[in-house]
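Here is the structure we will look at.
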Amino acid sequence: IIAIVALAAGIQFLRSFGALKLVQNLNAEYDIPAAQSLKTPEGLDLAGIDFEKYLILSNDEDVNSLLTTVQVKKTLGYMKKDYISLNYDENVSDIGSFDCIFLAFERLDLLENIQDYIDYAHEGGSLVFLIRPVTDKNFKNISSLIGIKSFSGNLYSNTGIKVLTDFIFGVNGFKSDLKAFSNSSIRLKLNNTAKIHMASYDDNPLLWSISYGKGKFIVFNGTAFNEKINRGLLCAVISLGKPDLIYPVLGVKMVHIDDFPAPVPSGRDENIYSEFSRDIPQFYREVWWSDMIKLSKKYDIRYSGFIIEKYNDDTIPPFETASDDDRKNLLLYGRELMGLGGEIGMHGYNHQPLAKSGYIKQDLAYNAWDSYDYMVSSIQELASFINSIFANYELRAYVPPSNILSPEGREAVKEANPSLKIIASVYQDNIEGDLYDQEFEVAEDGIIEFPRITSGYNKDDEVMWMAYNGINLYGVFSHFIHPDDVLDIVRSEGKSWTGLLEEFESIISEVNDKYGWLRKFTISPASQELRKYVECKPYVRYAQDSVNIYTDNYREDIYCIMRTDRKISAAENCEYEKISDTAYLLILKDKICSISLK
């Protein structure tokens, strides 16, 4: 009788969540040491060293030129390269001092001293044409020098891409009629001395390089460098112009699960039931989550899950609290997620983006918030719900519902949750302009902005192109999915879970195979890697058979990419690993490193 009573009391204790008081739910603070300023060895004057330097020439009266110049500046900034940006008609002193010169405008006739730049290439410089020229007089005069055998005077629009070399590493052989990669181009044929790196889907040359005297020309026969999505490609073009190029990266891979843990839909989806003979809660538990666990273990992934408390439309308090079933789901899935090395963060009390009336331009049927205080209350309710299960867990990361977050909403999340350290939204803006699109940066208020670059279970060419670009420039694979994508005809593209799982596994498998040097992270430790990356400043000195790297704001293990056709024969204070035919991964182990080449 005593045993039966004790068992009954124990069951009731578990059902009432009393056992949670006995569970420690601490997530250790992940922090990095203070950055070390660069102290040079005795006798070394960094001010006297000729470090690399770049020049951008643009046309301030042309929109595409200005947009392209913005992307060049952003790309060089992330690569930690010094540059000067001028209008085409401004005086340039000492042209020969630049490692690369970028012409970011189409009307070459504007450049009255174009011969100075041709001579610059002949004497050893790299002259890069970043926008397809128009067929004006200057273009016709130099067309044979830059590798063109014949051309049509008419421009034409084209889409798609064929990558023909490993100049953008891990992408050689990629071809797609990619609508997102569109260009205005010149139809042309090249001479045999030009090396074609990329063509349009209809086989018109898009990118090539050609030697000229001691230097070279690099020509892009398109207009796509005005898009943020192509920064990794732009980084690769820069590497064509600068031999043995070194730049820092994060070296991070992450998968986020938005709306997880969250209330599980009840009822039955006929497509899922016909395939698995399970209702939605059973499918989530026994199929979807089971498959996600297997992927985590097979491909060395750590998930970051972002929690929703309720799926209602309430934007006016008092806010309904979670049911016992929802709390049990949070306990069950949350503990298993953390057991995989994962992390939980905040998504929202409900899925109503924190924005007042008029802010959201998309037709999403969301309710506006009437008051800043209501926004604060909703996040406080979410935090209270999470901490009722995981009492000592620090909620450091926030993902905005539908990736929409107003300035007031951002402040509300900070006030409601003082532990906030990271906001993770999206990399690309939308046409309406209401998404919270981000750069990889630390904001003025100290919040780390860490965008997700790709999303979804579907493996399509646009997703992979975005992933390739993100990895080539930032060294980041940052992807997000939702548990209920399979229930949405648009997001699933009408595919079954079996089909979606196969495609998602193919994405993860390809990233692992091509970019195995990326390290698994959840959002909090990854954010500290981002801080290291943002704050470090490597200065690189290139010599004939060696490279020296001097890193200001150094912290242990700065990751870099080195683009080179040569072989590293030795290194001091630097670990290295060949990661493609044209690239090495470097791990800087001290403020001053040296590399020998052959």
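Lettering and numbering for the structure tokens are positional, with chains as A, B, ... in the shown order, residues counted from 1 in each chain, and ligands counted from 1 in the shown order.
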*Going by DSSP on the backbone, which bits of segment 235-343 of chain A are helix (DSSP H, G or I)? Write them as JSON, numbers by chain, please.*
{"A": [235, 236, 237, 238, 239, 240, 241, 270, 271, 272, 273, 274, 275, 276, 280, 281, 282, 283, 284, 285, 286, 287, 288, 289, 290, 291, 292, 293, 294, 295, 296, 297, 298, 299, 324, 325, 326, 327, 328, 329, 330, 331, 332, 333, 334, 335, 336, 337, 338, 339]}
*Neighbour list for segment 299-302 of chain A as number ranges by chain, cut-off 12 Å, only C-alpha atoms, skip fewer than 4 positions in-chain*: A: 252-257, 292-295, 336-344, 477-479, 504-513, 516-526
_One number please: atom CA of Lys195 of chain A to atom CA of Phe151 of chain A, in Å, one decimal._
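These two atoms are separated by 17.0 Å.
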Can you build me a table of segment 208-283 of chain A residues sitting at most 10 Å from segment 411-435 of chain A, with the closest atom pair per residue and its distance in Å to one decimal, using only C-alpha atoms, sorted by chain and residue number, as a tab-separated table?
```
residue	atom	partner	partner_atom	distance
A:Glu227	CA	A:Gln428	CA	9.7
A:Lys228	CA	A:Gln428	CA	7.4
A:Ile229	CA	A:Gln428	CA	7.4
A:His256	CA	A:Ala424	CA	9.4
```
*Any idea what's packed within 12 Å of Asp460 of chain A, counting only C-alpha atoms, ignoring anything in its chain fewer than 6 positions away? Could you give it as a PyMOL selection string?*
chain A and resi 175-180+454+466-467+493+500+503-504+506-507
Residues within 12 Å of Ile95 of chain A, please, as a PDB file with N, CA and C atoms, in the first residue's frame. Count only C-alpha atoms; anything in the same chain fewer than 2 positions from it doesn't count.
```
ATOM      1  N   LYS A  53      46.318  47.554 -51.088  1.00  0.00           N
ATOM      2  CA  LYS A  53      45.408  48.691 -51.171  1.00  0.00           C
ATOM      3  C   LYS A  53      44.652  48.614 -52.495  1.00  0.00           C
ATOM      4  N   TYR A  54      43.382  49.008 -52.462  1.00  0.00           N
ATOM      5  CA  TYR A  54      42.508  48.863 -53.623  1.00  0.00           C
ATOM      6  C   TYR A  54      41.869  50.206 -53.977  1.00  0.00           C
ATOM      7  N   LEU A  55      41.571  50.364 -55.260  1.00  0.00           N
ATOM      8  CA  LEU A  55      40.942  51.591 -55.762  1.00  0.00           C
ATOM      9  C   LEU A  55      39.644  51.234 -56.487  1.00  0.00           C
ATOM     10  N   ILE A  56      38.571  51.943 -56.139  1.00  0.00           N
ATOM     11  CA  ILE A  56      37.279  51.772 -56.807  1.00  0.00           C
ATOM     12  C   ILE A  56      36.955  53.068 -57.537  1.00  0.00           C
ATOM     13  N   LEU A  57      36.694  52.966 -58.836  1.00  0.00           N
ATOM     14  CA  LEU A  57      36.259  54.116 -59.618  1.00  0.00           C
ATOM     15  C   LEU A  57      34.818  53.902 -60.040  1.00  0.00           C
ATOM     16  N   ILE A  84      40.273  52.953 -51.524  1.00  0.00           N
ATOM     17  CA  ILE A  84      39.895  54.334 -51.796  1.00  0.00           C
ATOM     18  C   ILE A  84      38.823  54.288 -52.873  1.00  0.00           C
ATOM     19  N   ASN A  91      41.096  62.997 -59.571  1.00  0.00           N
ATOM     20  CA  ASN A  91      42.511  62.739 -59.792  1.00  0.00           C
ATOM     21  C   ASN A  91      42.992  61.585 -58.914  1.00  0.00           C
ATOM     22  N   VAL A  92      43.729  60.682 -59.511  1.00  0.00           N
ATOM     23  CA  VAL A  92      44.295  59.539 -58.788  1.00  0.00           C
ATOM     24  C   VAL A  92      45.805  59.686 -58.799  1.00  0.00           C
ATOM     25  N   SER A  93      46.364  59.847 -57.639  1.00  0.00           N
ATOM     26  CA  SER A  93      47.822  59.946 -57.557  1.00  0.00           C
ATOM     27  C   SER A  93      48.424  58.566 -57.354  1.00  0.00           C
ATOM     28  N   SER A  97      50.426  52.216 -57.164  1.00  0.00           N
ATOM     29  CA  SER A  97      50.505  51.746 -55.775  1.00  0.00           C
ATOM     30  C   SER A  97      49.372  50.802 -55.397  1.00  0.00           C
ATOM     31  N   PHE A  98      48.369  50.659 -56.266  1.00  0.00           N
ATOM     32  CA  PHE A  98      47.199  49.846 -55.932  1.00  0.00           C
ATOM     33  C   PHE A  98      47.380  48.406 -56.411  1.00  0.00           C
ATOM     34  N   ASP A  99      46.939  47.459 -55.579  1.00  0.00           N
ATOM     35  CA  ASP A  99      47.007  46.049 -55.950  1.00  0.00           C
ATOM     36  C   ASP A  99      45.980  45.708 -57.021  1.00  0.00           C
ATOM     37  N   CYS A 100      44.793  46.283 -56.901  1.00  0.00           N
ATOM     38  CA  CYS A 100      43.747  46.114 -57.908  1.00  0.00           C
ATOM     39  C   CYS A 100      43.029  47.444 -58.085  1.00  0.00           C
ATOM     40  N   ILE A 101      42.594  47.699 -59.304  1.00  0.00           N
ATOM     41  CA  ILE A 101      41.740  48.849 -59.573  1.00  0.00           C
ATOM     42  C   ILE A 101      40.441  48.325 -60.175  1.00  0.00           C
ATOM     43  N   PHE A 102      39.314  48.740 -59.587  1.00  0.00           N
ATOM     44  CA  PHE A 102      38.001  48.290 -60.036  1.00  0.00           C
ATOM     45  C   PHE A 102      37.299  49.419 -60.783  1.00  0.00           C
ATOM     46  N   ASN A 113      41.600  59.433 -69.396  1.00  0.00           N
ATOM     47  CA  ASN A 113      42.975  58.927 -69.265  1.00  0.00           C
ATOM     48  C   ASN A 113      43.011  57.410 -69.179  1.00  0.00           C
ATOM     49  N   ILE A 114      42.174  56.751 -69.951  1.00  0.00           N
ATOM     50  CA  ILE A 114      42.096  55.294 -69.876  1.00  0.00           C
ATOM     51  C   ILE A 114      43.436  54.633 -70.162  1.00  0.00           C
ATOM     52  N   GLN A 115      44.277  55.279 -70.961  1.00  0.00           N
ATOM     53  CA  GLN A 115      45.572  54.686 -71.278  1.00  0.00           C
ATOM     54  C   GLN A 115      46.436  54.540 -70.022  1.00  0.00           C
ATOM     55  N   ASP A 116      46.258  55.445 -69.059  1.00  0.00           N
ATOM     56  CA  ASP A 116      47.010  55.316 -67.803  1.00  0.00           C
ATOM     57  C   ASP A 116      46.674  54.003 -67.102  1.00  0.00           C
ATOM     58  N   TYR A 117      45.417  53.591 -67.198  1.00  0.00           N
ATOM     59  CA  TYR A 117      44.993  52.353 -66.532  1.00  0.00           C
ATOM     60  C   TYR A 117      45.412  51.120 -67.337  1.00  0.00           C
ATOM     61  N   ILE A 118      45.445  51.257 -68.648  1.00  0.00           N
ATOM     62  CA  ILE A 118      45.970  50.174 -69.475  1.00  0.00           C
ATOM     63  C   ILE A 118      47.454  49.975 -69.170  1.00  0.00           C
ATOM     64  N   ASP A 119      48.194  51.083 -69.055  1.00  0.00           N
ATOM     65  CA  ASP A 119      49.620  51.004 -68.713  1.00  0.00           C
ATOM     66  C   ASP A 119      49.822  50.424 -67.322  1.00  0.00           C
ATOM     67  N   TYR A 120      48.907  50.763 -66.400  1.00  0.00           N
ATOM     68  CA  TYR A 120      48.967  50.213 -65.038  1.00  0.00           C
ATOM     69  C   TYR A 120      48.936  48.684 -65.080  1.00  0.00           C
ATOM     70  N   ALA A 121      48.035  48.117 -65.889  1.00  0.00           N
ATOM     71  CA  ALA A 121      47.971  46.667 -66.014  1.00  0.00           C
ATOM     72  C   ALA A 121      49.239  46.121 -66.651  1.00  0.00           C
ATOM     73  N   GLU A 123      52.174  47.142 -66.451  1.00  0.00           N
ATOM     74  CA  GLU A 123      53.313  47.192 -65.539  1.00  0.00           C
ATOM     75  C   GLU A 123      53.139  46.299 -64.308  1.00  0.00           C
ATOM     76  N   GLY A 124      52.077  45.504 -64.275  1.00  0.00           N
ATOM     77  CA  GLY A 124      51.944  44.526 -63.200  1.00  0.00           C
ATOM     78  C   GLY A 124      50.680  44.621 -62.375  1.00  0.00           C
ATOM     79  N   GLY A 125      49.805  45.594 -62.649  1.00  0.00           N
ATOM     80  CA  GLY A 125      48.576  45.731 -61.882  1.00  0.00           C
ATOM     81  C   GLY A 125      47.452  44.854 -62.416  1.00  0.00           C
ATOM     82  N   SER A 126      46.376  44.794 -61.657  1.00  0.00           N
ATOM     83  CA  SER A 126      45.175  44.068 -62.084  1.00  0.00           C
ATOM     84  C   SER A 126      44.047  45.082 -62.259  1.00  0.00           C
ATOM     85  N   LEU A 127      43.558  45.199 -63.484  1.00  0.00           N
ATOM     86  CA  LEU A 127      42.457  46.107 -63.792  1.00  0.00           C
ATOM     87  C   LEU A 127      41.192  45.274 -63.955  1.00  0.00           C
TER      88      LEU A 127
END
```
